[in-house]
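S.K.: What follows is final_13.cif, mmCIF, C-alpha atoms.
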```
data_target
loop_
_atom_site.label_atom_id
_atom_site.label_comp_id
_atom_site.auth_asym_id
_atom_site.auth_seq_id
_atom_site.Cartn_x
_atom_site.Cartn_y
_atom_site.Cartn_z
CA MET Z 277 64.07 142.12 106.31
CA LEU Z 278 66.39 141.87 109.30
CA ARG Z 279 65.02 138.43 110.07
CA THR Z 280 65.85 137.25 106.57
CA VAL Z 281 69.42 138.54 106.91
CA ILE Z 282 69.88 136.87 110.30
CA LEU Z 283 68.43 133.57 109.06
CA THR Z 284 70.63 133.65 105.97
CA LEU Z 285 73.70 134.34 108.10
CA ALA Z 286 72.75 131.53 110.48
CA THR Z 287 72.33 129.12 107.56
CA LEU Z 288 75.73 130.05 106.14
CA LEU Z 289 77.36 129.82 109.55
CA ILE Z 290 75.96 126.33 110.14
CA ALA Z 291 76.93 125.21 106.64
CA ILE Z 292 80.52 126.49 106.60
CA GLY Z 293 81.28 126.12 110.30
CA GLY Z 294 79.60 122.75 110.64
CA GLY Z 295 81.15 121.40 107.43
CA ALA Z 296 84.67 122.46 108.34
CA ALA Z 297 84.37 121.30 111.95
CA SER Z 298 83.02 117.89 110.98
CA VAL Z 299 85.91 117.31 108.53
CA TRP Z 300 88.42 118.40 111.15
CA TYR Z 301 86.83 116.08 113.71
CA ALA Z 302 86.73 113.11 111.34
CA LEU Z 303 90.41 113.56 110.44
CA GLN Z 304 91.85 114.08 113.91
CA ALA Z 305 89.85 111.29 115.59
CA GLN Z 306 92.24 108.43 116.28
CA GLU Z 307 89.65 105.83 115.55
CA GLY Z 308 88.34 107.56 112.46
CA ILE Z 309 87.02 106.18 109.22
CA GLY Z 310 89.47 103.74 107.60
CA ALA Z 311 90.93 102.66 110.94
CA VAL Z 312 91.07 99.06 112.12
CA THR Z 313 91.00 98.67 115.89
CA ILE Z 314 92.22 95.50 117.62
CA GLY Z 315 92.18 95.74 121.40
CA ASN Z 316 93.98 98.97 122.23
CA TRP Z 317 95.83 99.04 118.89
CA THR Z 318 94.77 101.01 115.82
CA ALA Z 319 96.02 100.62 112.24
CA TYR Z 320 95.25 102.43 109.02
CA PRO Z 321 95.85 99.72 106.43
CA ASN Z 322 94.58 101.88 103.57
CA MET Z 323 96.53 105.00 104.50
CA GLY Z 324 98.17 106.43 101.40
CA ALA Z 325 96.91 103.74 99.05
CA PRO Z 326 95.37 104.84 95.76
CA ASP Z 327 92.21 102.84 96.50
CA ALA Z 328 91.84 104.38 99.96
CA ASP Z 329 88.65 106.06 101.11
CA PRO Z 330 88.55 109.89 100.89
CA TYR Z 331 89.08 110.22 104.65
CA SER Z 332 92.34 108.24 104.59
CA LYS Z 333 93.49 110.25 101.57
CA ALA Z 334 92.68 113.56 103.24
CA ARG Z 335 94.39 112.45 106.44
CA ALA Z 336 97.56 111.54 104.54
CA ALA Z 337 97.57 114.88 102.73
CA ARG Z 338 96.89 116.90 105.85
CA GLU Z 339 99.69 115.26 107.77
CA GLY Z 340 101.96 115.36 104.71
CA VAL Z 341 103.41 111.94 105.42
CA LEU Z 342 104.47 109.03 103.27
CA ALA Z 343 102.76 105.91 104.55
CA LEU Z 344 104.23 102.44 104.61
CA GLY Z 345 103.10 100.27 101.70
CA ARG Z 346 101.41 96.93 102.13
CA ALA Z 347 104.39 94.93 100.87
CA GLU Z 348 106.56 96.77 103.38
CA GLY Z 349 104.65 96.45 106.58
CA LEU Z 350 101.74 97.42 108.76
CA VAL Z 351 101.89 99.95 111.60
CA PHE Z 352 99.79 99.79 114.73
CA PHE Z 353 99.45 102.72 117.11
CA SER Z 354 98.25 102.74 120.68
CA ASN Z 355 97.76 105.62 123.04
CA ARG Z 356 95.89 103.57 125.64
CA ASP Z 357 96.68 100.55 127.77
CA SER Z 358 94.51 97.44 127.80
CA SER Z 359 92.22 98.86 130.47
CA GLY Z 360 91.58 101.97 128.40
CA ASP Z 361 93.67 104.54 130.28
CA THR Z 362 95.88 106.99 128.39
CA LEU Z 363 99.56 106.00 128.26
CA SER Z 364 101.75 108.19 130.45
CA ARG Z 365 105.54 108.53 130.45
CA LYS Z 366 105.49 108.43 134.25
CA CYS Z 367 103.98 104.93 134.33
CA SER Z 368 105.46 101.49 133.78
CA TYR Z 369 103.87 99.06 131.35
CA VAL Z 370 104.32 95.40 130.58
CA ILE Z 371 103.80 94.32 126.99
CA GLU Z 372 103.30 90.63 126.33
CA GLY Z 373 101.28 88.32 124.18
CA ALA Z 374 100.99 87.00 120.67
CA THR Z 375 102.20 88.71 117.53
CA PRO Z 376 100.93 87.97 114.03
CA PRO Z 377 103.23 86.27 111.50
CA ALA Z 378 105.83 88.67 110.12
CA ARG Z 379 109.49 88.60 109.14
CA PHE Z 380 110.22 90.81 112.12
CA TRP Z 381 108.63 93.62 114.05
CA THR Z 382 109.81 96.81 115.68
CA PHE Z 383 108.41 98.66 118.64
CA TYR Z 384 109.06 102.15 119.97
CA ALA Z 385 107.54 104.71 122.29
CA ALA Z 386 106.82 108.04 120.64
CA ASP Z 387 105.35 111.44 121.29
CA ARG Z 388 102.17 112.63 119.56
CA SER Z 389 104.07 113.48 116.36
CA LEU Z 390 105.38 109.86 116.33
CA ALA Z 391 109.01 110.90 116.90
CA ILE Z 392 110.85 108.59 119.30
CA LEU Z 393 110.90 109.69 122.95
CA PRO Z 394 114.17 110.32 124.76
CA GLY Z 395 115.19 107.48 127.05
CA LYS Z 396 117.50 107.45 130.04
CA GLY Z 397 121.07 108.10 128.92
CA LYS Z 398 121.78 106.24 125.72
CA ARG Z 399 118.98 103.72 126.17
CA LYS Z 400 116.28 104.30 123.62
CA PRO Z 401 112.68 103.19 124.24
CA ALA Z 402 112.77 100.89 121.22
CA ALA Z 403 113.05 97.16 120.57
CA ASN Z 404 112.72 94.75 117.71
CA SER Z 405 111.91 91.07 117.52
CA LEU Z 406 115.47 90.13 116.49
CA SER Z 407 117.17 91.54 119.58
CA LEU Z 408 114.70 90.54 122.26
CA LEU Z 409 115.24 88.28 125.25
CA ARG Z 410 112.71 85.48 125.05
CA ASN Z 411 111.18 83.02 127.47
CA PRO Z 412 111.85 79.29 126.95
CA ASP Z 413 108.53 78.95 125.09
CA ASN Z 414 109.54 81.72 122.64
CA SER Z 415 107.09 84.22 124.11
CA PHE Z 416 108.39 87.60 125.23
CA THR Z 417 107.76 90.21 127.89
CA MET Z 418 108.83 93.82 127.51
CA THR Z 419 108.77 96.35 130.31
CA ILE Z 420 108.60 100.00 129.42
CA GLY Z 421 108.82 102.79 131.95
CA PRO Z 422 111.08 105.07 133.95
CA ASP Z 423 112.27 102.36 136.40
CA ALA Z 424 114.85 99.75 135.46
CA THR Z 425 113.65 96.14 135.46
CA PRO Z 426 115.37 92.88 134.53
CA GLY Z 427 114.72 91.45 131.09
CA ASN Z 428 113.65 93.61 128.17
CA TRP Z 429 113.55 97.06 129.68
CA LEU Z 430 112.82 100.08 127.50
CA SER Z 431 113.55 103.30 129.32
CA VAL Z 432 111.39 106.38 129.08
CA SER Z 433 112.07 109.70 130.76
CA GLY Z 434 110.09 112.89 131.19
CA GLU Z 435 106.38 113.26 131.49
CA GLY Z 436 103.35 113.64 129.28
CA PRO Z 437 101.35 111.33 127.06
CA MET Z 438 102.98 108.77 124.80
CA VAL Z 439 102.10 106.58 121.86
CA PHE Z 440 103.32 103.04 121.26
CA VAL Z 441 104.18 102.24 117.65
CA LEU Z 442 104.32 98.57 116.69
CA THR Z 443 105.26 97.77 113.09
CA PHE Z 444 105.16 94.36 111.44
CA PHE Z 445 107.39 94.11 108.40
CA ASP Z 446 106.81 91.88 105.40
CA THR Z 447 103.67 90.45 106.94
CA PRO Z 448 100.88 88.58 105.17
CA VAL Z 449 98.44 90.31 107.51
CA SER Z 450 98.54 93.62 105.63
CA SER Z 451 97.57 92.13 102.30
CA SER Z 452 94.99 89.59 103.40
CA ALA Z 453 91.42 90.25 104.42
CA GLY Z 454 91.80 88.80 107.92
CA ILE Z 455 93.37 91.86 109.50
CA ALA Z 456 90.66 92.24 112.12
CA GLU Z 457 91.14 88.66 113.35
CA ILE Z 458 94.79 88.83 114.37
CA ALA Z 459 95.95 88.87 117.99
CA LEU Z 460 98.20 91.66 119.22
CA PRO Z 461 100.17 92.03 122.48
CA GLN Z 462 98.52 93.39 125.57
CA VAL Z 463 99.69 96.58 127.27
CA LEU Z 464 99.29 96.29 131.05
CA ARG Z 465 100.05 99.11 133.46
CA THR Z 466 102.08 97.98 136.46
CA GLY Z 467 102.55 101.22 138.35
CA CYS Z 468 103.01 104.96 138.20
CA HIS Z 469 105.09 107.72 139.77
CA ALA Z 470 102.84 110.19 141.53
CA MET T 65 59.19 129.30 113.33
CA ARG T 66 58.89 127.47 110.05
CA ARG T 67 61.41 129.81 108.53
CA LEU T 68 63.86 129.08 111.34
CA LEU T 69 63.47 125.33 110.81
CA TYR T 70 63.92 125.85 107.10
CA ALA T 71 67.11 127.84 107.73
CA LEU T 72 68.46 125.16 110.07
CA LEU T 73 67.72 122.39 107.59
CA LEU T 74 69.33 124.33 104.78
CA GLY T 75 72.36 124.95 107.01
CA LEU T 76 72.74 121.23 107.73
CA VAL T 77 72.47 120.31 104.05
CA GLY T 78 75.03 123.02 103.32
CA ALA T 79 77.30 121.61 106.04
CA GLY T 80 77.15 118.23 104.33
CA ILE T 81 78.12 119.77 100.99
CA VAL T 82 80.96 121.80 102.57
CA HIS T 83 82.17 118.63 104.36
CA ILE T 84 82.44 116.72 101.08
CA VAL T 85 84.00 119.62 99.19
CA ILE T 86 86.71 120.17 101.84
CA LEU T 87 87.40 116.44 102.03
CA VAL T 88 87.89 116.07 98.29
CA LEU T 89 89.85 119.30 97.79
CA LEU T 90 92.15 118.87 100.79
CA PRO T 91 94.61 116.50 99.06
CA LEU T 92 94.74 118.83 96.03
CA PHE T 93 95.52 122.01 97.92
CA SER T 94 97.69 120.79 100.76
CA GLN T 95 100.70 123.11 101.03
CA ARG T 96 102.70 121.08 103.48
CA ASP T 97 102.60 117.74 101.68
CA ALA T 98 105.56 115.40 101.48
CA TRP T 99 106.63 116.62 98.03
CA SER T 100 106.82 120.27 99.11
CA ARG T 101 108.81 119.39 102.20
CA LEU T 102 111.27 117.22 100.26
CA ALA T 103 111.55 119.93 97.59
CA ALA T 104 112.68 122.35 100.26
CA ALA T 105 115.36 119.89 101.41
CA ALA T 106 116.85 118.65 98.15
CA ASP T 107 116.74 118.85 94.36
CA LEU T 108 115.23 116.32 91.98
CA TYR T 109 117.22 113.06 91.80
CA VAL T 110 119.04 113.75 95.08
CA MET T 111 118.67 111.18 97.85
CA THR T 112 117.86 112.94 101.09
CA ALA T 113 116.99 111.76 104.59
CA ALA T 114 113.24 111.33 105.00
CA ASP T 115 113.14 110.14 108.61
CA GLY T 116 114.07 113.44 110.22
CA SER T 117 117.66 112.32 110.92
CA ASP T 118 118.92 115.55 109.32
CA GLY T 119 117.20 117.52 112.07
CA GLY T 120 114.04 118.37 110.15
CA LYS T 121 110.54 116.99 110.52
CA SER T 122 110.14 113.41 109.36
CA THR T 123 108.47 112.90 105.99
CA VAL T 124 107.75 109.20 106.50
CA GLU T 125 104.73 108.41 108.61
CA SER T 126 106.36 106.75 111.61
CA PRO T 127 110.13 107.38 111.73
CA ASP T 128 111.20 103.97 113.05
CA PRO T 129 114.43 104.16 115.11
CA PHE T 130 115.65 100.91 113.53
CA PHE T 131 115.24 102.21 110.01
CA LYS T 132 117.06 104.70 107.85
CA ALA T 133 114.63 106.12 105.32
CA SER T 134 115.79 108.23 102.42
CA ALA T 135 113.83 109.70 99.56
CA CYS T 136 114.40 111.14 96.13
CA ARG T 137 112.01 113.05 93.93
CA PHE T 138 111.84 112.26 90.23
CA ASP T 139 110.01 113.31 87.10
CA LEU T 140 109.38 110.50 84.63
CA GLN T 141 108.91 113.05 81.84
CA ASP T 142 112.72 113.33 81.91
CA GLY T 143 112.93 109.58 81.31
CA PRO T 144 113.04 106.50 83.57
CA VAL T 145 114.72 106.75 86.96
CA ARG T 146 117.02 104.04 88.30
CA LEU T 147 117.84 103.30 91.93
CA THR T 148 120.88 101.29 92.89
CA ALA T 149 122.82 100.61 96.06
CA ASP T 150 126.08 98.83 96.91
CA GLY T 151 125.99 95.81 99.18
CA THR T 152 123.14 94.22 101.08
CA VAL T 153 121.30 94.89 104.32
CA PRO T 154 119.16 92.57 106.50
CA PHE T 155 115.99 94.10 105.08
CA TRP T 156 115.07 96.93 102.79
CA SER T 157 111.81 98.05 101.32
CA ALA T 158 110.93 100.62 98.69
CA SER T 159 107.82 102.61 97.89
CA ILE T 160 106.91 104.73 94.89
CA TYR T 161 104.61 107.64 95.69
CA ASP T 162 102.86 109.93 93.26
CA ARG T 163 103.01 113.73 93.48
CA GLY T 164 100.25 113.75 96.09
CA GLY T 165 101.99 111.24 98.36
CA GLN T 166 99.88 108.22 97.51
CA ASN T 167 101.71 104.93 97.65
CA VAL T 168 101.31 103.57 94.11
CA TYR T 169 103.78 100.68 94.29
CA ASN T 170 105.84 99.06 97.02
CA PHE T 171 108.02 96.01 97.42
CA ASN T 172 110.79 94.63 99.61
CA ASP T 173 114.11 92.85 99.25
CA ARG T 174 112.45 89.46 98.72
CA THR T 175 111.38 90.74 95.30
CA ALA T 176 114.94 91.44 94.20
CA THR T 177 117.60 89.05 92.92
CA GLY T 178 119.92 88.26 95.81
CA GLY T 179 118.38 91.04 97.87
CA GLU T 180 120.22 93.69 95.87
CA LEU T 181 118.62 97.05 95.38
CA ASP T 182 118.46 97.79 91.66
CA PHE T 183 115.23 98.94 90.12
CA VAL T 184 113.98 101.25 87.40
CA VAL T 185 110.76 103.25 87.59
CA VAL T 186 109.14 103.69 84.19
CA THR T 187 105.83 104.84 82.76
CA PRO T 188 103.85 102.24 80.77
CA ALA T 189 104.89 104.01 77.53
CA GLN T 190 108.58 103.95 78.48
CA MET T 191 108.21 100.27 79.39
CA ILE T 192 107.16 99.49 75.81
CA ASP T 193 110.29 101.27 74.52
CA MET T 194 112.44 99.44 77.08
CA ARG T 195 111.09 96.06 76.03
CA LYS T 196 112.04 96.72 72.41
CA ASP T 197 115.67 97.39 73.18
CA LEU T 198 116.71 96.64 76.75
CA PRO T 199 120.02 98.30 77.65
CA ALA T 200 122.60 95.71 78.76
CA GLU T 201 123.22 97.36 82.13
CA LEU T 202 119.53 97.10 83.05
CA GLU T 203 119.23 93.36 82.44
CA GLN T 204 119.31 92.54 86.17
CA SER T 205 117.07 95.41 87.23
CA ILE T 206 113.50 95.19 88.44
CA PHE T 207 111.14 97.30 86.36
CA VAL T 208 108.41 99.15 88.20
CA GLU T 209 105.64 100.51 86.03
CA ALA T 210 104.08 103.59 87.56
CA ASP T 211 101.60 105.74 85.72
CA VAL T 212 102.86 109.00 87.20
CA ASP T 213 104.93 111.97 86.05
CA GLU T 214 106.35 113.51 89.18
CA GLY T 215 106.85 111.19 92.09
CA ILE T 216 108.84 110.26 95.14
CA VAL T 217 110.71 107.05 95.84
CA VAL T 218 111.52 106.12 99.42
CA VAL T 219 113.99 103.38 100.39
CA ARG T 220 113.96 102.11 103.97
CA ALA T 221 116.93 100.13 105.28
CA PHE T 222 116.77 98.11 108.49
CA ALA T 223 119.49 98.22 111.14
CA PRO T 224 118.71 95.52 113.77
CA ASP T 225 120.98 97.14 116.37
CA ASP T 226 123.64 99.80 116.83
CA SER T 227 126.44 97.55 115.64
CA TRP T 228 124.93 97.84 112.17
CA ALA T 229 124.89 101.64 112.25
CA SER T 230 128.05 102.31 110.24
CA ARG T 231 127.26 99.63 107.66
CA ILE T 232 123.73 100.92 107.18
CA ALA T 233 125.01 104.50 106.95
CA THR T 234 127.42 103.45 104.18
CA TYR T 235 124.64 101.58 102.44
CA VAL T 236 122.22 104.50 102.59
CA LYS T 237 124.94 106.83 101.31
CA SER T 238 125.53 104.50 98.35
CA ILE T 239 121.91 104.63 97.18
CA ALA T 240 121.91 106.44 93.86
CA CYS T 241 118.86 107.91 92.18
CA THR T 242 119.74 108.60 88.54
CA PRO T 243 117.62 109.53 85.52
CA GLN T 244 118.31 107.23 82.57
#
```
So that I can check it, write out the structure of this file as structure tokens.

M.R.:
Amino acid sequence: MLRTVILTLATLLIAIGGGAASVWYALQAQEGIGAVTIGNWTAYPNMGAPDADPYSKARAAREGVLALGRAEGLVFFSNRDSSGDTLSRKCSYVIEGATPPARFWTFYAADRSLAILPGKGKRKPAANSLSLLRNPDNSFTMTIGPDATPGNWLSVSGEGPMVFVLTFFDTPVSSSAGIAEIALPQVLRTGCHA
Amino acid sequence: MRRLLYALLLGLVGAGIVHIVILVLLPLFSQRDAWSRLAAAADLYVMTAADGSDGGKSTVESPDPFFKASACRFDLQDGPVRLTADGTVPFWSASIYDRGGQNVYNFNDRTATGGELDFVVVTPAQMIDMRKDLPAELEQSIFVEADVDEGIVVVRAFAPDDSWASRIATYVKSIACTPQ
């Protein structure tokens, strides 16, 4: 009798606990179902779309956010540099490389809730492709970190993890099938404060 | 021993069922979805900041510092809803979301005549009525057919740098969300 009760309880515990935990895990994982990963960047091209998979739909509902549409743009997130280490506000990073075709793009450093981080003084850790200093061959290099550098410097203050948000607006990438084949800028760590 | 294995197996099958049920029901029972948060901030047909610039939590997914995003809730059962703004900006984009926050239609300023923001959200049935007798003031408008009742429209306006701030602020303030 007691064995039956214990076994029943164990079954229910596994079913409810395991079911809930697996949903929670699938939704909070950064590289979950529905995500497209290119290098250290992750995008959710189907987030909020009516034809999205159930995981993307549940993620949108849980976070209660209105996602960017495909005709508007495509957002890439990164919480790691190109060597796979977590981004830290105490470190300096260089961002350079190719960007996919788009009318323009914006970049900013954010906290985990994707709100922009405070910079030093009035300098915000944000840049867009229209107001960037470029090299003679039209490529660009951005430096982001607590220490001032010449060129495109985005200042970050404080400590803790950070997320880079790179958004391409009015881009053919979001509506075509070749999203996994595009090249995105590299994030290289140049140094850290102890 | 066999009973224990049986219980474990049953538990795992149950976990699979619970997983699917939670996943499907989550969007239906979410209490803190975008609609509820916007409802707490403003009435139907009132444009309100959606990027957290009013001090609250942002309703749009990634509150871009170069963008001003504002939203208005509508109910197409009251009739079509029209969005207009004065002037032009370097870039704007608009999205129509249904009650659950799914993006059902989106477009940007390249879609509009001269980049001006002027569009009307209608249901397919209202579109048929509109086609029969198009009001003169809507001749230049873009018609967006959305098969929803309650919904949210978000307009995002791009400010390339701080020198645009006052112009974008004026533009965002001029966006009107009016039931027809």

S.K.: Taking the file as shown, find all residues satisfying the PyMOL selection byres ((chain Z) within 8 of (chain T)) and write them as an mmCIF file with C-alpha atoms, in the coordinates of the input.

M.R.:
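Output (result-v8.cif):
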```cif
data_model
loop_
_atom_site.group_PDB
_atom_site.id
_atom_site.type_symbol
_atom_site.label_atom_id
_atom_site.label_comp_id
_atom_site.auth_asym_id
_atom_site.auth_seq_id
_atom_site.Cartn_x
_atom_site.Cartn_y
_atom_site.Cartn_z
ATOM 1 C CA LEU Z 283 68.430 133.570 109.060
ATOM 2 C CA THR Z 284 70.630 133.650 105.970
ATOM 3 C CA ALA Z 286 72.750 131.530 110.480
ATOM 4 C CA THR Z 287 72.330 129.120 107.560
ATOM 5 C CA LEU Z 288 75.730 130.050 106.140
ATOM 6 C CA LEU Z 289 77.360 129.820 109.550
ATOM 7 C CA ILE Z 290 75.960 126.330 110.140
ATOM 8 C CA ALA Z 291 76.930 125.210 106.640
ATOM 9 C CA ILE Z 292 80.520 126.490 106.600
ATOM 10 C CA GLY Z 293 81.280 126.120 110.300
ATOM 11 C CA GLY Z 294 79.600 122.750 110.640
ATOM 12 C CA GLY Z 295 81.150 121.400 107.430
ATOM 13 C CA ALA Z 296 84.670 122.460 108.340
ATOM 14 C CA SER Z 298 83.020 117.890 110.980
ATOM 15 C CA VAL Z 299 85.910 117.310 108.530
ATOM 16 C CA GLY Z 324 98.170 106.430 101.400
ATOM 17 C CA ALA Z 325 96.910 103.740 99.050
ATOM 18 C CA PRO Z 326 95.370 104.840 95.760
ATOM 19 C CA PRO Z 330 88.550 109.890 100.890
ATOM 20 C CA TYR Z 331 89.080 110.220 104.650
ATOM 21 C CA LYS Z 333 93.490 110.250 101.570
ATOM 22 C CA ALA Z 334 92.680 113.560 103.240
ATOM 23 C CA ALA Z 336 97.560 111.540 104.540
ATOM 24 C CA ALA Z 337 97.570 114.880 102.730
ATOM 25 C CA ARG Z 338 96.890 116.900 105.850
ATOM 26 C CA GLU Z 339 99.690 115.260 107.770
ATOM 27 C CA GLY Z 340 101.960 115.360 104.710
ATOM 28 C CA VAL Z 341 103.410 111.940 105.420
ATOM 29 C CA LEU Z 342 104.470 109.030 103.270
ATOM 30 C CA ALA Z 343 102.760 105.910 104.550
ATOM 31 C CA LEU Z 344 104.230 102.440 104.610
ATOM 32 C CA GLY Z 345 103.100 100.270 101.700
ATOM 33 C CA ARG Z 346 101.410 96.930 102.130
ATOM 34 C CA ALA Z 347 104.390 94.930 100.870
ATOM 35 C CA GLU Z 348 106.560 96.770 103.380
ATOM 36 C CA THR Z 382 109.810 96.810 115.680
ATOM 37 C CA TYR Z 384 109.060 102.150 119.970
ATOM 38 C CA LEU Z 390 105.380 109.860 116.330
ATOM 39 C CA ALA Z 391 109.010 110.900 116.900
ATOM 40 C CA ILE Z 392 110.850 108.590 119.300
ATOM 41 C CA ALA Z 402 112.770 100.890 121.220
ATOM 42 C CA ASN Z 404 112.720 94.750 117.710
ATOM 43 C CA LEU Z 406 115.470 90.130 116.490
ATOM 44 C CA SER Z 407 117.170 91.540 119.580
ATOM 45 C CA VAL Z 441 104.180 102.240 117.650
ATOM 46 C CA ASP Z 446 106.810 91.880 105.400
#
```

S.K.: Which protein, DNA or RNA residues are at most 7 Å from (109.1, 112.3, 85.7) in the file's coordinates when you count only C-alpha atoms, listed as a list in words?

M.R.: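 Final list of nearby residues, as requested, is Phe138, Asp139, Leu140, Gln141, Asp142, Gly143, Asp213, Glu214 and Gly215 of chain T.
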
S.K.: Enter the distance from CA of Ala386 in chain Z to CA of Gly360 in chain Z, in Å, rounded to one decimal.

M.R.: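 Computed distance, CA of Ala386 in chain Z to CA of Gly360 in chain Z, equals 18.1 Å.
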
S.K.: Find the distance between CA of Phe207 in chain T and CA of Val185 in chain T and write it in Å to one decimal.

M.R.: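 The value is 6.1 Å.
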
S.K.: Go ahead and compute the interatomic distance for CA of Thr242 in chain T and CA of Pro144 in chain T, in Å to one decimal.

M.R.: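 Pair CA of Thr242 in chain T / CA of Pro144 in chain T returns 8.6 Å.
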
S.K.: Counting all atoms listed in the file, which of T:Lys237, T:Ser117, T:Ala210, T:Leu108 gets nearest to Met191 in chain T?

M.R.: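 The answer is T:Ala210, which sits nearest to Met191 in chain T.
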
S.K.: Please return as a list in words every residue within 7 Å of (109.9, 94.4, 123.4), taking into account only C-alpha atoms and the file's own coordinates.

M.R.: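 The distance filter leaves exactly Phe383, Ala403, Asn404, Leu408, Thr417, Met418 and Asn428 of chain Z.
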
S.K.: Taking the file as shown, find all residues satisfying the PyMOL selection byres ((chain Z and resi 464) around 9) and write them as a list in words.

M.R.: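 Applied to this file, the PyMOL selection byres ((chain Z and resi 464) around 9) returns Asp357, Ser358, Ser359, Ser368, Tyr369, Val370, Ile371, Glu372, Gln462, Val463, Arg465 and Thr466 of chain Z.
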
S.K.: Of the residues Z:Ala328, Z:Ser354, Z:Gly427, Z:Arg279, which is the one nearest to Thr313 in chain Z, using all atoms listed in the file?

M.R.: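 Of all the options, Z:Ser354 lies closest to Thr313 in chain Z.
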
S.K.: Once the PyMOL selection byres ((chain Z and resi 397) around 12) is applied to the coordinates I shared, what remains selected? I want it as a PyMOL selection string.

M.R.: chain Z and resi 393-396+398-401+422+430-433

S.K.: Counting only C-alpha atoms, what is within 12 Å of Ala470 in chain Z, bar same-chain residues fewer than 5 positions away, as a ChimeraX atom specification?

M.R.: /Z:364-368,435

S.K.: What lies within 10 Å of Val184 in chain T using only C-alpha atoms, ignoring chain neighbours under 5 positions off, as a list in words?

M.R.: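 Using only C-alpha atoms, the neighbours found are Pro144, Val145, Arg146, Leu147, Thr148, Met191, Leu202, Ser205, Ile206, Phe207, Val208, Glu209, Cys241, Thr242, Pro243 and Gln244 of chain T.
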